[in-house]
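Source file coords_0.cif; content: mmCIF, C-alpha atoms.
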```
data_entry
loop_
_atom_site.label_atom_id
_atom_site.label_comp_id
_atom_site.auth_asym_id
_atom_site.auth_seq_id
_atom_site.Cartn_x
_atom_site.Cartn_y
_atom_site.Cartn_z
CA MET A 1 18.19 53.75 25.99
CA ALA A 2 19.53 50.47 24.71
CA THR A 3 22.86 51.68 23.49
CA ASP A 4 24.59 49.25 25.81
CA PRO A 5 25.01 45.96 23.88
CA THR A 6 24.83 43.93 27.08
CA ASP A 7 21.52 45.37 28.16
CA PRO A 8 19.29 42.25 28.56
CA ILE A 9 16.06 44.20 28.05
CA HIS A 10 17.02 45.72 24.75
CA GLN A 11 16.02 42.58 22.82
CA PHE A 12 12.38 43.08 23.73
CA ASP A 13 12.15 46.58 22.29
CA ILE A 14 9.52 47.19 19.72
CA PHE A 15 10.12 49.79 17.06
CA PRO A 16 8.00 50.69 14.07
CA LEU A 17 9.20 49.74 10.63
CA VAL A 18 6.24 51.20 8.77
CA PRO A 19 4.45 53.77 10.93
CA ILE A 20 0.67 53.51 10.67
CA GLN A 21 -1.56 55.72 12.80
CA ILE A 22 -5.31 55.16 12.78
CA GLY A 23 -7.68 57.04 15.05
CA GLY A 24 -4.93 58.06 17.44
CA LEU A 25 -3.81 54.48 17.90
CA ASP A 26 -0.49 53.18 16.74
CA PHE A 27 -0.97 50.27 14.34
CA SER A 28 2.54 50.52 12.96
CA PHE A 29 4.09 47.55 11.25
CA THR A 30 6.77 46.89 13.85
CA ASN A 31 9.60 44.41 14.20
CA SER A 32 7.18 42.31 16.26
CA ALA A 33 4.70 42.31 13.36
CA LEU A 34 7.52 41.42 10.99
CA PHE A 35 8.36 38.34 13.05
CA MET A 36 4.71 37.39 13.32
CA VAL A 37 4.55 37.46 9.54
CA ALA A 38 7.80 35.50 9.42
CA THR A 39 6.45 32.92 11.86
CA ALA A 40 3.26 32.39 9.90
CA GLY A 41 5.13 32.44 6.59
CA VAL A 42 7.89 30.06 7.67
CA THR A 43 5.44 27.62 9.22
CA ALA A 44 2.97 27.59 6.36
CA GLY A 45 5.80 27.59 3.84
CA PHE A 46 7.52 24.68 5.54
CA ILE A 47 4.36 22.60 5.66
CA TYR A 48 3.60 23.40 2.04
CA TYR A 49 7.16 22.79 0.83
CA SER A 50 7.68 19.59 2.83
CA THR A 51 4.52 18.01 1.46
CA ARG A 52 5.10 19.06 -2.15
CA GLY A 53 5.96 15.48 -3.14
CA ARG A 54 2.83 14.08 -1.49
CA GLY A 55 5.03 11.03 -1.03
CA LEU A 56 3.52 7.70 -0.16
CA VAL A 57 6.86 7.13 1.49
CA PRO A 58 7.57 10.46 3.19
CA SER A 59 10.79 12.37 2.76
CA ARG A 60 12.53 13.66 5.90
CA LEU A 61 10.83 17.04 5.80
CA GLN A 62 7.48 15.46 5.06
CA SER A 63 8.02 13.17 8.03
CA MET A 64 8.52 16.20 10.27
CA THR A 65 5.27 17.70 9.10
CA GLU A 66 3.41 14.40 9.38
CA LEU A 67 4.81 13.68 12.85
CA THR A 68 3.78 17.13 14.06
CA TYR A 69 0.37 16.67 12.49
CA GLU A 70 -0.23 13.28 14.06
CA PHE A 71 1.29 14.35 17.36
CA THR A 72 -1.17 17.25 17.54
CA ALA A 73 -4.05 15.06 16.36
CA ASN A 74 -3.34 12.44 19.06
CA MET A 75 -2.97 15.14 21.69
CA LEU A 76 -6.36 16.61 20.79
CA ARG A 77 -8.07 13.22 20.46
CA ASP A 78 -6.73 12.09 23.84
CA ALA A 79 -7.89 15.26 25.54
CA ALA A 80 -11.18 16.05 23.83
CA GLY A 81 -12.17 12.85 22.07
CA THR A 82 -13.31 12.45 18.51
CA ALA A 83 -15.84 15.24 18.88
CA GLY A 84 -12.96 17.59 19.62
CA MET A 85 -11.29 16.87 16.30
CA ARG A 86 -13.30 19.66 14.70
CA PHE A 87 -10.87 22.00 16.44
CA PHE A 88 -7.85 20.30 14.94
CA PRO A 89 -6.94 23.11 12.51
CA PHE A 90 -7.22 25.58 15.37
CA VAL A 91 -5.01 23.60 17.77
CA PHE A 92 -2.57 22.76 15.00
CA SER A 93 -2.33 26.47 14.10
CA ILE A 94 -1.75 27.49 17.72
CA PHE A 95 0.82 24.78 18.36
CA THR A 96 2.86 25.39 15.23
CA PHE A 97 2.58 29.16 15.43
CA ILE A 98 3.83 29.30 19.03
CA LEU A 99 6.46 26.63 18.42
CA VAL A 100 7.90 28.40 15.41
CA ALA A 101 7.62 31.82 17.06
CA ASN A 102 9.59 30.48 20.05
CA LEU A 103 12.19 28.81 17.86
CA ILE A 104 12.64 31.84 15.61
CA GLY A 105 13.25 33.84 18.78
CA MET A 106 16.28 31.60 19.48
CA PHE A 107 18.20 33.16 16.59
CA PRO A 108 20.52 35.96 17.71
CA TYR A 109 19.17 39.45 16.91
CA PHE A 110 15.74 37.97 16.17
CA PHE A 111 12.68 39.16 18.00
CA THR A 112 10.64 36.76 20.10
CA VAL A 113 6.97 37.41 19.44
CA THR A 114 5.84 35.33 22.41
CA SER A 115 7.98 37.30 24.88
CA HIS A 116 5.30 39.98 24.97
CA LEU A 117 2.44 39.41 27.37
CA ILE A 118 -0.08 41.12 25.13
CA VAL A 119 0.56 38.56 22.38
CA THR A 120 0.31 35.51 24.61
CA PHE A 121 -2.67 36.99 26.39
CA ALA A 122 -4.39 37.58 23.06
CA LEU A 123 -3.73 33.96 22.08
CA ALA A 124 -5.04 32.74 25.44
CA MET A 125 -8.14 34.93 25.18
CA MET A 126 -8.70 33.61 21.68
CA VAL A 127 -8.64 30.05 23.07
CA MET A 128 -10.99 30.97 25.88
CA SER A 129 -13.43 32.76 23.58
CA VAL A 130 -13.48 29.73 21.29
CA VAL A 131 -14.14 27.51 24.32
CA VAL A 132 -16.92 29.73 25.71
CA GLY A 133 -18.36 30.59 22.31
CA TYR A 134 -18.52 27.03 21.05
CA GLY A 135 -19.64 25.70 24.45
CA ILE A 136 -22.60 28.05 24.66
CA LYS A 137 -23.50 27.67 21.00
CA LYS A 138 -23.41 23.89 21.22
CA HIS A 139 -24.77 23.22 24.70
CA GLY A 140 -26.57 26.45 25.63
CA VAL A 141 -27.08 26.82 29.37
CA LYS A 142 -25.76 23.32 29.95
CA PHE A 143 -22.29 24.65 29.19
CA PHE A 144 -22.30 26.18 32.68
CA ASN A 145 -22.22 22.63 34.07
CA VAL A 146 -18.49 23.18 33.72
CA PHE A 147 -18.74 25.10 36.99
CA VAL A 148 -20.87 22.45 38.73
CA PRO A 149 -18.88 19.28 39.38
CA GLU A 150 -20.86 16.15 40.10
CA GLY A 151 -21.01 14.41 43.46
CA VAL A 152 -20.41 17.49 45.59
CA PRO A 153 -22.58 17.88 48.72
CA ALA A 154 -25.18 20.65 48.38
CA VAL A 155 -23.71 22.50 51.36
CA LEU A 156 -20.36 22.86 49.69
CA MET A 157 -21.78 23.57 46.26
CA PRO A 158 -21.70 27.40 46.35
CA LEU A 159 -18.11 27.36 47.50
CA VAL A 160 -17.07 24.79 44.89
CA VAL A 161 -18.85 26.69 42.14
CA LEU A 162 -17.11 29.88 43.21
CA ILE A 163 -13.75 28.13 43.13
CA GLU A 164 -14.53 26.64 39.73
CA ILE A 165 -15.47 30.07 38.35
CA ILE A 166 -12.32 31.64 39.71
CA SER A 167 -10.22 28.82 38.30
CA PHE A 168 -11.94 29.18 34.94
CA LEU A 169 -11.33 32.92 34.86
CA SER A 170 -7.72 32.48 35.84
CA ARG A 171 -7.10 30.10 32.94
CA PRO A 172 -6.32 32.75 30.31
CA VAL A 173 -4.04 34.51 32.79
CA SER A 174 -2.09 31.40 33.70
CA LEU A 175 -2.01 30.25 30.09
CA SER A 176 -0.61 33.53 28.79
CA VAL A 177 1.70 34.34 31.70
CA ARG A 178 3.28 30.89 31.63
CA LEU A 179 4.32 31.20 28.01
CA PHE A 180 5.28 34.85 28.24
CA ALA A 181 7.27 34.49 31.45
CA ASN A 182 9.14 31.44 30.23
CA MET A 183 10.20 33.12 27.01
CA LEU A 184 11.02 36.42 28.66
CA ALA A 185 12.96 34.94 31.56
CA GLY A 186 14.85 32.55 29.34
CA HIS A 187 15.93 35.24 26.94
CA ILE A 188 16.92 37.61 29.74
CA THR A 189 18.98 34.92 31.46
CA LEU A 190 20.64 34.03 28.22
CA LYS A 191 21.42 37.65 27.49
CA VAL A 192 22.72 38.28 31.01
CA PHE A 193 25.19 35.40 30.81
CA ALA A 194 26.20 36.32 27.30
CA GLY A 195 26.60 39.89 28.54
CA PHE A 196 28.97 38.67 31.26
CA VAL A 197 31.16 37.13 28.60
CA VAL A 198 31.35 40.42 26.72
CA SER A 199 31.89 42.53 29.84
CA LEU A 200 34.53 40.25 31.37
CA SER A 201 36.42 39.90 28.12
CA ALA A 202 36.95 43.64 28.17
CA PHE A 203 39.22 43.22 31.22
CA GLY A 204 42.10 41.59 29.43
CA ALA A 205 43.47 38.05 29.70
CA LEU A 206 42.17 37.40 33.20
CA GLY A 207 38.76 38.54 32.13
CA VAL A 208 38.81 36.23 29.14
CA ILE A 209 39.61 33.29 31.43
CA GLY A 210 36.92 34.42 33.84
CA SER A 211 34.43 34.61 31.02
CA ILE A 212 34.73 30.90 30.28
CA LEU A 213 32.27 29.99 33.00
CA PRO A 214 29.45 32.30 31.89
CA PHE A 215 30.19 31.27 28.31
CA LEU A 216 29.62 27.60 29.15
CA MET A 217 26.54 28.67 31.05
CA ALA A 218 25.25 30.51 27.99
CA VAL A 219 25.81 27.43 25.84
CA ALA A 220 23.97 25.21 28.31
CA LEU A 221 21.18 27.76 28.62
CA THR A 222 20.82 27.88 24.84
CA ALA A 223 20.12 24.16 24.83
CA LEU A 224 17.72 24.60 27.73
CA GLU A 225 15.96 27.42 25.92
CA PHE A 226 15.39 25.24 22.85
CA LEU A 227 13.79 22.72 25.17
CA VAL A 228 11.69 25.41 26.82
CA ALA A 229 10.66 26.80 23.42
CA ALA A 230 9.28 23.43 22.34
CA LEU A 231 7.93 22.54 25.75
CA GLN A 232 6.00 25.77 26.24
CA ALA A 233 4.40 25.45 22.82
CA TYR A 234 3.41 21.92 23.78
CA VAL A 235 2.06 22.99 27.17
CA PHE A 236 0.04 25.77 25.57
CA ALA A 237 -1.39 23.35 23.02
CA VAL A 238 -2.16 20.64 25.60
CA LEU A 239 -3.97 23.10 27.84
CA THR A 240 -5.85 24.40 24.82
CA CYS A 241 -6.98 20.83 24.12
CA LEU A 242 -8.06 20.33 27.75
CA TYR A 243 -10.02 23.58 27.74
CA LEU A 244 -11.62 22.66 24.43
CA ASN A 245 -12.70 19.41 26.06
CA ASP A 246 -14.82 21.53 28.42
CA ALA A 247 -16.50 23.11 25.43
CA VAL A 248 -17.16 19.73 23.80
CA HIS A 249 -18.10 17.78 26.93
CA PRO A 250 -19.16 20.26 29.65
CA GLY A 251 -19.61 18.74 33.09
CA ALA A 252 -17.62 15.67 32.17
CA HIS A 253 -14.61 16.45 34.33
CA MET B 1 -7.42 52.57 26.18
CA PHE B 2 -8.29 52.90 29.86
CA MET B 3 -7.41 49.27 30.46
CA THR B 4 -4.05 49.45 28.85
CA GLU B 5 -3.27 52.71 30.60
CA ALA B 6 -4.09 51.19 33.94
CA PHE B 7 -2.07 48.15 33.05
CA ALA B 8 0.90 50.24 32.15
CA GLN B 9 0.65 52.12 35.44
CA GLU B 10 0.42 48.90 37.31
CA ALA B 11 3.47 47.64 35.51
CA GLY B 12 5.26 50.83 36.36
CA SER B 13 4.40 50.66 40.02
CA ALA B 14 5.36 47.01 40.13
CA GLY B 15 8.71 48.00 38.72
CA GLU B 16 9.05 50.63 41.45
CA GLY B 17 8.27 48.10 44.11
CA HIS B 18 10.96 45.70 43.08
CA GLY B 19 13.60 48.15 42.11
CA ASP B 20 13.38 48.87 38.44
CA PRO B 21 16.30 47.35 36.56
CA THR B 22 16.20 50.15 34.01
CA GLU B 23 16.70 53.13 36.22
CA GLY B 24 14.92 56.38 35.78
CA THR B 25 12.46 55.17 33.20
CA HIS B 26 9.63 54.00 35.38
CA SER B 27 8.38 57.52 35.82
CA GLU B 28 7.81 57.69 32.12
CA THR B 29 6.03 54.37 32.23
CA SER B 30 3.71 55.77 34.85
CA GLY B 31 3.04 58.57 32.46
CA GLY B 32 0.76 56.27 30.54
CA ALA B 33 0.30 54.87 27.12
CA GLY B 34 1.56 57.93 25.37
CA GLY B 35 5.06 57.52 26.74
CA HIS B 36 7.65 57.08 24.02
CA GLU B 37 10.31 55.32 26.05
CA ALA B 38 8.60 52.85 28.36
CA GLY B 39 10.66 51.08 30.97
CA PHE B 40 10.02 47.48 30.26
CA PRO B 41 9.11 46.81 26.64
CA PRO B 42 6.66 43.92 27.28
CA PHE B 43 4.60 46.25 29.48
CA ASN B 44 4.80 49.21 27.15
CA SER B 45 1.23 49.73 26.08
CA GLU B 46 2.22 52.03 23.25
CA TYR B 47 2.47 49.14 20.81
CA PHE B 48 -0.35 47.03 22.22
CA PRO B 49 -2.82 48.00 19.46
CA SER B 50 -0.22 47.32 16.81
CA GLN B 51 0.68 43.93 18.26
CA LEU B 52 -2.95 42.92 18.60
CA LEU B 53 -3.76 44.01 15.08
CA TRP B 54 -0.81 42.26 13.49
CA LEU B 55 -1.28 39.15 15.57
CA ALA B 56 -4.91 39.05 14.47
CA VAL B 57 -3.92 39.56 10.84
CA THR B 58 -1.03 37.08 10.75
CA PHE B 59 -2.67 34.43 12.89
CA GLY B 60 -5.95 34.88 11.06
CA VAL B 61 -4.33 34.39 7.67
CA PHE B 62 -2.20 31.56 9.07
CA TYR B 63 -5.26 29.80 10.50
CA TRP B 64 -7.19 30.27 7.26
CA VAL B 65 -4.35 28.82 5.16
CA LEU B 66 -3.88 25.89 7.51
CA LYS B 67 -7.56 25.10 7.77
CA ASN B 68 -8.30 25.37 4.07
CA VAL B 69 -5.07 24.32 2.39
CA LEU B 70 -2.47 22.67 4.56
CA VAL B 71 -4.44 20.52 7.00
CA PRO B 72 -6.51 18.94 4.19
CA ARG B 73 -3.28 18.50 2.27
CA VAL B 74 -1.39 16.68 5.02
CA GLY B 75 -4.54 14.86 6.08
CA GLY B 76 -5.05 13.77 2.48
CA ILE B 77 -1.52 12.39 2.29
CA LEU B 78 -2.00 10.41 5.49
CA GLU B 79 -5.44 9.23 4.40
CA ASN B 80 -4.03 8.23 1.06
CA ARG B 81 -1.32 6.21 2.70
CA ARG B 82 -3.77 4.53 5.06
CA ASP B 83 -6.02 3.63 2.13
CA ARG B 84 -3.10 2.38 0.12
CA ILE B 85 -1.84 0.20 2.96
CA ALA B 86 -5.33 -1.17 3.56
CA LEU B 87 -5.71 -1.86 -0.14
CA ASP B 88 -2.34 -3.57 -0.36
CA MET B 89 -3.12 -5.64 2.70
CA GLU B 90 -6.38 -6.64 1.11
CA ALA B 91 -4.62 -7.59 -2.13
CA ALA B 92 -2.05 -9.59 -0.18
CA GLU B 93 -4.84 -11.32 1.70
CA ARG B 94 -6.56 -12.13 -1.57
CA ALA B 95 -3.33 -13.40 -3.13
CA LYS B 96 -2.73 -15.61 -0.10
CA GLN B 97 -6.26 -16.95 -0.41
CA ASP B 98 -5.68 -17.63 -4.10
CA ALA B 99 -2.45 -19.42 -3.30
CA ASP B 100 -4.20 -21.50 -0.67
CA GLU B 101 -6.91 -22.40 -3.12
CA ALA B 102 -4.38 -23.28 -5.80
CA GLN B 103 -2.54 -25.49 -3.36
CA ALA B 104 -5.75 -27.23 -2.34
CA ALA B 105 -6.66 -27.75 -6.00
CA TYR B 106 -3.18 -29.07 -6.72
CA GLU B 107 -3.34 -31.47 -3.84
CA GLN B 108 -6.76 -32.66 -4.86
CA GLU B 109 -5.63 -33.15 -8.43
CA LEU B 110 -2.58 -35.01 -7.23
CA ALA B 111 -4.72 -37.28 -5.11
CA GLU B 112 -7.06 -37.87 -8.02
CA ALA B 113 -4.18 -38.65 -10.36
CA ARG B 114 -2.71 -41.00 -7.82
CA GLU B 115 -6.05 -42.73 -7.49
CA ARG B 116 -6.44 -42.89 -11.23
CA ALA B 117 -2.99 -44.37 -11.64
CA HIS B 118 -3.78 -46.87 -8.94
CA SER B 119 -7.05 -47.85 -10.61
CA ILE B 120 -5.37 -48.11 -14.00
CA GLY B 121 -2.79 -50.44 -12.51
CA GLN B 122 -5.50 -52.38 -10.78
CA ASP B 123 -7.46 -52.64 -14.01
CA ALA B 124 -4.44 -53.79 -15.94
CA ARG B 125 -3.72 -56.32 -13.28
CA ASN B 126 -7.32 -57.48 -13.26
CA ASP B 127 -7.40 -57.65 -17.06
CA ALA B 128 -4.23 -59.65 -17.18
CA ARG B 129 -5.45 -61.95 -14.49
CA SER B 130 -8.85 -62.50 -16.08
CA GLU B 131 -7.23 -63.05 -19.47
CA ALA B 132 -4.88 -65.57 -18.00
CA ASP B 133 -7.76 -67.20 -16.19
CA ALA B 134 -9.80 -67.35 -19.38
CA GLN B 135 -6.88 -68.83 -21.25
CA ARG B 136 -6.25 -71.34 -18.58
CA GLU B 137 -9.88 -72.28 -18.42
CA LYS B 138 -10.00 -72.64 -22.16
CA LEU B 139 -6.89 -74.79 -22.10
CA GLU B 140 -8.22 -76.82 -19.23
CA ALA B 141 -11.52 -77.32 -21.01
CA GLU B 142 -9.68 -78.38 -24.11
CA LEU B 143 -7.53 -80.78 -22.16
CA ASP B 144 -10.56 -82.10 -20.29
CA ALA B 145 -12.29 -82.62 -23.61
CA ARG B 146 -9.30 -84.48 -24.91
CA ILE B 147 -9.06 -86.59 -21.79
CA ASP B 148 -12.76 -87.40 -22.04
CA GLU B 149 -12.37 -88.25 -25.67
CA SER B 150 -9.40 -90.45 -24.97
CA ARG B 151 -11.21 -92.05 -22.11
CA ALA B 152 -14.20 -92.69 -24.40
CA ARG B 153 -11.91 -94.15 -27.00
CA ILE B 154 -10.30 -96.38 -24.45
CA VAL B 155 -13.72 -97.48 -23.20
CA ALA B 156 -14.82 -98.09 -26.81
CA ALA B 157 -11.64 -100.01 -27.57
CA LYS B 158 -12.07 -101.97 -24.38
CA THR B 159 -15.69 -102.77 -25.17
CA ALA B 160 -14.71 -103.75 -28.70
CA ALA B 161 -11.93 -105.91 -27.40
CA MET B 162 -14.23 -107.49 -24.87
CA GLY B 163 -16.80 -108.15 -27.64
CA GLU B 164 -14.19 -109.71 -29.79
CA MET B 165 -12.98 -111.77 -26.85
CA ASN B 166 -16.55 -113.20 -26.33
CA GLU B 167 -16.71 -113.97 -30.02
CA MET B 168 -13.32 -115.65 -29.85
CA ALA B 169 -14.24 -117.58 -26.68
CA THR B 170 -17.50 -118.70 -28.30
CA ASP B 171 -15.62 -119.74 -31.42
CA VAL B 172 -13.04 -121.57 -29.33
CA ALA B 173 -15.68 -123.24 -27.17
CA GLU B 174 -17.82 -124.22 -30.18
CA THR B 175 -14.85 -125.57 -31.97
CA ILE B 176 -13.73 -127.60 -28.93
CA LEU B 177 -17.24 -128.90 -28.29
CA ARG B 178 -17.90 -129.77 -31.95
CA ASP B 179 -14.51 -131.07 -32.97
CA VAL B 180 -13.07 -132.53 -29.80
CA VAL B 181 -16.03 -133.47 -27.62
CA LYS B 182 -18.24 -134.04 -30.61
CA VAL B 183 -21.14 -132.39 -28.99
CA ASP B 184 -23.41 -130.66 -31.33
CA VAL B 185 -24.40 -127.37 -29.73
CA SER B 186 -25.90 -124.45 -31.28
CA ARG B 187 -23.88 -121.35 -31.47
CA THR B 188 -26.41 -119.41 -29.48
CA GLU B 189 -26.18 -121.82 -26.57
CA VAL B 190 -22.39 -121.56 -26.55
CA ALA B 191 -22.57 -117.83 -26.72
CA SER B 192 -24.94 -117.59 -23.75
CA ALA B 193 -22.80 -120.06 -21.83
CA VAL B 194 -19.68 -117.99 -22.49
CA ALA B 195 -21.47 -114.88 -21.54
CA GLU B 196 -22.62 -116.50 -18.30
CA THR B 197 -19.14 -117.74 -17.46
CA ARG B 198 -17.52 -114.37 -18.10
CA GLY B 199 -20.08 -112.69 -16.00
#
```
Please express what this file holds, its structure, as structure tokens.
Amino acid sequence: MATDPTDPIHQFDIFPLVPIQIGGLDFSFTNSALFMVATAGVTAGFIYYSTRGRGLVPSRLQSMTELTYEFTANMLRDAAGTAGMRFFPFVFSIFTFILVANLIGMFPYFFTVTSHLIVTFALAMMVMSVVVGYGIKKHGVKFFNVFVPEGVPAVLMPLVVLIEIISFLSRPVSLSVRLFANMLAGHITLKVFAGFVVSLSAFGALGVIGSILPFLMAVALTALEFLVAALQAYVFAVLTCLYLNDAVHPGAH
Amino acid sequence: MFMTEAFAQEAGSAGEGHGDPTEGTHSETSGGAGGHEAGFPPFNSEYFPSQLLWLAVTFGVFYWVLKNVLVPRVGGILENRRDRIALDMEAAERAKQDADEAQAAYEQELAEARERAHSIGQDARNDARSEADAQREKLEAELDARIDESRARIVAAKTAAMGEMNEMATDVAETILRDVVKVDVSRTEVASAVAETRG
């Protein structure tokens, strides 16, 4: 498949660059892995390079890093308080990793790591395991107060607890599907409109004129997708902070 | 493996239900994880292990680098700046305090100097006045002395003159009495009579 250049699904294909097979499972270094490495490398490299001057008065690049740093720090402090600041490197990693992965995906011919559910689901599960792991380690059984809101009549309690458990279990699903679906849908839409331009242009002068509309649409969607790329990284990070708040202060919501 | 297989089948059947956009491939998707050409790449479980492994590796390394190198680095820069600003503010505060103190000292010194100048002027004035007073007093005393002396001399001269006048009157009276009236009187009697007459 995927010989058609206007096929909107083609961009999500994964193909091995360095085939690695271990125990019957395919651990190949794929294009997806390449862009994961690129994401981590670009992000870490940017932070390192921008702060090389350690300027008292920051340069432009250093300002970007510092603003992102303080933005994330405020976000975490607002959501989880000072006690939550121990998770700052974790939240900062997640935010920057997803942000840069989304933005790298905006380049034509580049692969979007976060457009695969397994990746976003793994990130979401990582967040949830940190929340549950830290919550139980820190508070023991009290962590399960998360499922028992205060001030609920005893009659309703079983129902409320059930709802709370279901909502807790659905968190990783909603967290991962939101990011994945946004990236996937955005890229498909973009590709579909861009594909219209290519297809219509093949029909001569009239087609070229007709392709103006989808072309403008593609331009507008590109801007929208940049917004979505940043916004979804932010949403993922904010929700991570809120969930971490449960681990730090169970039963406080 | 079972999970991913089931997931892939689910994905495949979901595709069937909604009319698979990539025709004719969903059957292969249903075939399971071993399928080489899955219909919809995000639901193709063939590369799930690879993606999980490489995500774990890249994100793990990324997290480690951020936690141990980059976050302390950026945090250090911000901390440094905060410290520096606090320090500078403190220095500015101290300088302002110094300036205030200097101004207070200056004003005090000025007031003292003004007072000193005032007292010096006062002293000079007092000195001059007392000197003038002393001189005047001395002069006055001198003049008084001279007046007294003169007065004494006048009194003396007057007394002398008066004495002489008694003598002369006695002489005149004696002479008249002896030579004209031819009365022989003693000089003492004449003198006492003159003295009585003159009071």
For segment 8-108 of chain A versus segment 64-84 of chain B, which residues have an atom no more than 8 Å away, and what is each residue's nearest atom pair and distance in Å rounded to one decimal, using all atoms listed in the file, chain-then-number order, as a Markdown table?
```
| residue | atom | partner | partner_atom | distance |
| --- | --- | --- | --- | --- |
| A:Ala44 | CA | B:Leu66 | CA | 7.2 |
| A:Ile47 | CA | B:Leu70 | CA | 6.9 |
| A:Tyr48 | CA | B:Leu70 | CA | 6.6 |
| A:Thr51 | CA | B:Val74 | CA | 7.0 |
| A:Arg54 | CA | B:Ile77 | CA | 6.0 |
| A:Gly55 | CA | B:Ile77 | CA | 7.5 |
| A:Leu56 | CA | B:Arg81 | CA | 5.8 |
| A:Thr65 | CA | B:Val74 | CA | 7.9 |
| A:Glu66 | CA | B:Val74 | CA | 6.9 |
| A:Tyr69 | CA | B:Val74 | CA | 7.7 |
| A:Pro89 | CA | B:Lys67 | CA | 5.2 |
| A:Phe90 | CA | B:Lys67 | CA | 7.6 |
| A:Ser93 | CA | B:Leu66 | CA | 6.8 |
```
Please identify every residue of segment 91-169 of chain A that has at least one atom no farther than 12 Å from an atom of segment 24-40 of chain A, counting all atoms listed in the file, and for each give the shortest atom pair and the distance in Å to one decimal, arranged by chain then increasing number, as CSV.
```
residue,atom,partner,partner_atom,distance
A:Ser93,CA,A:Ala40,CA,9.2
A:Ile94,CA,A:Ala40,CA,10.5
A:Phe95,CA,A:Ala40,CA,11.6
A:Thr96,CA,A:Ala40,CA,8.8
A:Phe97,CA,A:Ala40,CA,6.4
A:Ile98,CA,A:Thr39,CA,8.4
A:Leu99,CA,A:Thr39,CA,9.1
A:Val100,CA,A:Thr39,CA,5.9
A:Ala101,CA,A:Thr39,CA,5.4
A:Asn102,CA,A:Thr39,CA,9.1
A:Leu103,CA,A:Thr39,CA,9.3
A:Ile104,CA,A:Thr39,CA,7.3
A:Gly105,CA,A:Phe35,CA,8.8
A:Phe107,CA,A:Phe35,CA,11.7
A:Tyr109,CA,A:Asn31,CA,11.1
A:Phe110,CA,A:Phe35,CA,8.0
A:Phe111,CA,A:Ser32,CA,6.6
A:Thr112,CA,A:Phe35,CA,7.6
A:Val113,CA,A:Ser32,CA,5.8
A:Thr114,CA,A:Met36,CA,9.4
A:Ser115,CA,A:Ser32,CA,10.0
A:His116,CA,A:Ser32,CA,9.2
A:Ile118,CA,A:Ser32,CA,11.5
A:Val119,CA,A:Ser32,CA,9.8
```
Report the residues retrieved by the PyMOL selection byres ((chain A and resi 175) around 10) from the displayed file, expressed as a PyMOL selection string.
chain A and resi 120-121+123-125+127-128+170-174+176-180+232+235-237+239-240
Closest to chain B among A:Ala230, A:Val160, A:Ile136, A:Ile188, using only C-alpha atoms?
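The shortest atom-to-atom distance to chain B comes from A:Ile188.
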Hey, what's within 7 Å of segment 142-155 of chain A if we count only C-alpha atoms and toss same-chain stuff fewer than 5 positions away? As a PDB file with C-alpha atoms, in the coordinates of the input, please?
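Saved file result_13.pdb follows:
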```
ATOM      1  CA  GLY A 135     -19.640  25.700  24.450  1.00  0.00           C
ATOM      2  CA  ILE A 136     -22.600  28.050  24.660  1.00  0.00           C
ATOM      3  CA  VAL A 161     -18.850  26.690  42.140  1.00  0.00           C
ATOM      4  CA  GLU A 164     -14.530  26.640  39.730  1.00  0.00           C
ATOM      5  CA  ILE A 165     -15.470  30.070  38.350  1.00  0.00           C
ATOM      6  CA  ASP A 246     -14.820  21.530  28.420  1.00  0.00           C
ATOM      7  CA  PRO A 250     -19.160  20.260  29.650  1.00  0.00           C
ATOM      8  CA  GLY A 251     -19.610  18.740  33.090  1.00  0.00           C
TER       9      GLY A 251
END
```
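The space between atom CA of Phe43 of chain B and atom CA of Ala181 of chain A spans 12.2 Å.
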Find the residues near Ala191 of chain B: any atom within 7 Å, counting all atoms listed in the file, skip ones fewer than 4 places away on the same chain, and give them as a PyMOL selection string.
chain B and resi 170+187+195
Output file for the residues above (C-alpha atoms, as a PDB file, keeping the file's coordinate frame):
```
ATOM      1  CA  THR B 170     -17.500-118.700 -28.300  1.00  0.00           C
ATOM      2  CA  ARG B 187     -23.880-121.350 -31.470  1.00  0.00           C
ATOM      3  CA  ALA B 195     -21.470-114.880 -21.540  1.00  0.00           C
TER       4      ALA B 195
END
```
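Using all atoms listed in the file, the protein and nucleic acid residues lying no more than 10 Å from Pro42 of chain B, apart from those fewer than 2 places from it along its own chain, are Ile9, Phe12, Asp13, Ile14, Thr114, Ser115, His116, Leu117, Ile118, Val119, Phe180 and Leu184 of chain A; Ala8, Ala11, Ala38, Gly39, Phe40, Asn44, Ser45, Tyr47 and Phe48 of chain B.
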Select, from A:Leu76, A:Leu213, A:Ala122, A:Tyr49, the residue with the minimum atom-to-atom distance to chain B, counting all atoms listed in the file.
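Nearest to chain B: A:Ala122.
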In Å to one decimal, how far is atom CA of Arg129 of chain B from atom CA of Glu142 of chain B?
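Distance reported for this atom pair: 19.5 Å.
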So how far away is atom CA of Arg116 of chain B from atom CA of Gln103 of chain B, in Å?
19.5 Å
Of the candidates A:Val198, A:Val141, A:Cys241, A:Met183, which one gets nearest to chain B if we count all atoms listed in the file?
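Counting all atoms listed in the file, the residue closest to chain B is A:Met183.
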